[in-house]
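Below is work_18.json, which holds JSON, C-alpha atoms.
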[["chain", "number", "residue", "atom", "x", "y", "z"],
["A", 1, "MET", "CA", 14.68, -45.21, -136.57],
["A", 2, "SER", "CA", 12.03, -42.97, -138.06],
["A", 3, "ASN", "CA", 9.18, -41.62, -135.98],
["A", 4, "ASP", "CA", 6.61, -43.46, -138.13],
["A", 5, "LYS", "CA", 8.40, -46.75, -137.56],
["A", 6, "LYS", "CA", 8.50, -46.16, -133.79],
["A", 7, "GLN", "CA", 4.80, -45.34, -133.73],
["A", 8, "SER", "CA", 4.01, -48.42, -135.80],
["A", 9, "ARG", "CA", 5.95, -50.68, -133.42],
["A", 10, "ALA", "CA", 4.33, -49.06, -130.38],
["A", 11, "LEU", "CA", 0.87, -49.63, -131.86],
["A", 12, "ALA", "CA", 1.72, -53.27, -132.65],
["A", 13, "ARG", "CA", 2.90, -53.80, -129.04],
["A", 14, "LYS", "CA", -0.26, -52.17, -127.69],
["A", 15, "ASN", "CA", -2.50, -54.32, -129.90],
["A", 16, "HIS", "CA", -0.62, -57.48, -128.90],
["A", 17, "HIS", "CA", -1.00, -56.54, -125.23],
["A", 18, "LYS", "CA", -4.75, -56.00, -125.64],
["A", 19, "LYS", "CA", -5.08, -59.36, -127.39],
["A", 20, "GLN", "CA", -3.18, -61.14, -124.62],
["A", 21, "MET", "CA", -5.19, -59.49, -121.86],
["A", 22, "GLY", "CA", -8.41, -60.54, -123.57],
["A", 23, "CYS", "CA", -7.74, -64.24, -123.12],
["A", 24, "LYS", "CA", -4.98, -64.54, -120.51],
["A", 25, "ASN", "CA", -4.22, -63.35, -116.99],
["A", 26, "ARG", "CA", -1.00, -61.54, -116.19],
["A", 27, "ILE", "CA", 1.03, -62.36, -113.11],
["A", 28, "ASP", "CA", 4.22, -60.75, -111.89],
["A", 29, "THR", "CA", 6.19, -62.74, -109.37],
["A", 30, "TYR", "CA", 9.61, -63.44, -107.96],
["A", 31, "ILE", "CA", 10.85, -67.00, -108.33],
["A", 32, "ASN", "CA", 13.78, -69.00, -107.00],
["A", 33, "PRO", "CA", 16.79, -69.54, -109.26],
["A", 34, "GLU", "CA", 15.97, -73.26, -109.30],
["A", 35, "THR", "CA", 12.49, -72.51, -110.63],
["A", 36, "LYS", "CA", 13.95, -70.28, -113.35],
["A", 37, "ALA", "CA", 16.30, -73.12, -114.32],
["A", 38, "GLY", "CA", 13.33, -75.50, -114.37],
["A", 39, "LEU", "CA", 11.44, -73.22, -116.73],
["A", 40, "SER", "CA", 14.47, -73.23, -119.04],
["A", 41, "THR", "CA", 14.50, -77.02, -118.92],
["A", 42, "LEU", "CA", 10.82, -77.14, -119.88],
["A", 43, "LYS", "CA", 11.51, -74.76, -122.78],
["A", 44, "ALA", "CA", 14.34, -77.00, -123.97],
["A", 45, "THR", "CA", 12.33, -80.21, -123.53],
["A", 46, "PHE", "CA", 9.05, -79.21, -125.13],
["A", 47, "GLY", "CA", 9.37, -77.61, -128.56],
["A", 48, "GLU", "CA", 6.00, -75.87, -128.35],
["A", 49, "VAL", "CA", 7.12, -73.97, -125.23],
["A", 50, "LYS", "CA", 8.68, -70.75, -126.49],
["A", 51, "ASN", "CA", 8.78, -68.51, -123.40],
["A", 52, "GLU", "CA", 8.55, -68.54, -119.62],
["A", 53, "GLY", "CA", 4.81, -67.89, -119.59],
["A", 54, "GLN", "CA", 4.24, -70.97, -121.72],
["A", 55, "ALA", "CA", 6.68, -72.91, -119.51],
["A", 56, "ILE", "CA", 4.61, -71.99, -116.44],
["A", 57, "ASP", "CA", 1.44, -73.14, -118.22],
["A", 58, "LYS", "CA", 3.16, -76.42, -119.14],
["A", 59, "ALA", "CA", 4.45, -76.96, -115.60],
["A", 60, "VAL", "CA", 0.97, -76.50, -114.14],
["A", 61, "MET", "CA", -0.53, -78.82, -116.75],
["A", 62, "LEU", "CA", 2.05, -81.51, -115.96],
["A", 63, "ALA", "CA", 1.51, -81.08, -112.21],
["A", 64, "LEU", "CA", -2.26, -81.42, -112.59],
["A", 65, "GLU", "CA", -1.86, -84.52, -114.77],
["A", 66, "SER", "CA", 0.43, -86.00, -112.13],
["A", 67, "LEU", "CA", -2.12, -85.29, -109.40],
["A", 68, "ASP", "CA", -4.85, -86.92, -111.47],
["A", 69, "GLN", "CA", -2.70, -90.02, -111.95],
["A", 70, "THR", "CA", -1.79, -90.35, -108.27],
["A", 71, "ASP", "CA", -5.26, -89.38, -107.08],
["A", 72, "LEU", "CA", -3.86, -87.03, -104.43],
["A", 73, "LYS", "CA", -6.29, -84.21, -105.12],
["A", 74, "GLN", "CA", -8.47, -83.34, -102.16]]

Conversion result in structure tokens:
Amino acid sequence: MSNDKKQSRALARKNHHKKQMGCKNRIDTYINPETKAGLSTLKATFGEVKNEGQAIDKAVMLALESLDQTDLKQ
């Protein structure tokens, strides 16, 4: 791969990272294997979920909707 191509890709990654950090929060965590499998299930079930970050967002949204429906929030 040429040096120009490498620099171009690095710049694209950097710009994407800046864009993400502007509107999202980053978390790094360790999860149980069952949770990882659950995220895969969410990705397979919901077509708009393309990665684990989106699967986490979807899981929280579904959990909050469930709490609203059962009125268990304190």

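The closest residue to A:Lys24, picked from A:Gln69, A:Lys6, A:Leu62, A:Gln54 and counting only C-alpha atoms, is A:Gln54.
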
For atom CA of A:Asp28 and atom CA of A:Asp57, determine how far apart the two atoms are, in Å to one decimal place.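 Straight-line distance from atom CA of A:Asp28 to atom CA of A:Asp57 works out to 14.2 Å.
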
From A:Lys14, A:Asn25, A:Glu34, A:Ala59, residue lying nearest A:Phe46 [all atoms listed in the file]: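 Using all atoms listed in the file, the shortest distance to A:Phe46 belongs to A:Ala59.
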
May I ask for the distance between atom CA of A:Arg13 and atom CA of A:Asn32, given in Å to one decimal place?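 Between these atoms lies a distance of 28.9 Å.
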
Which value, in Å to one decimal, gives the distance between atom CA of A:Ala55 and atom CA of A:Leu39?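 Taking atom CA of A:Ala55 and atom CA of A:Leu39, their separation equals 5.5 Å.
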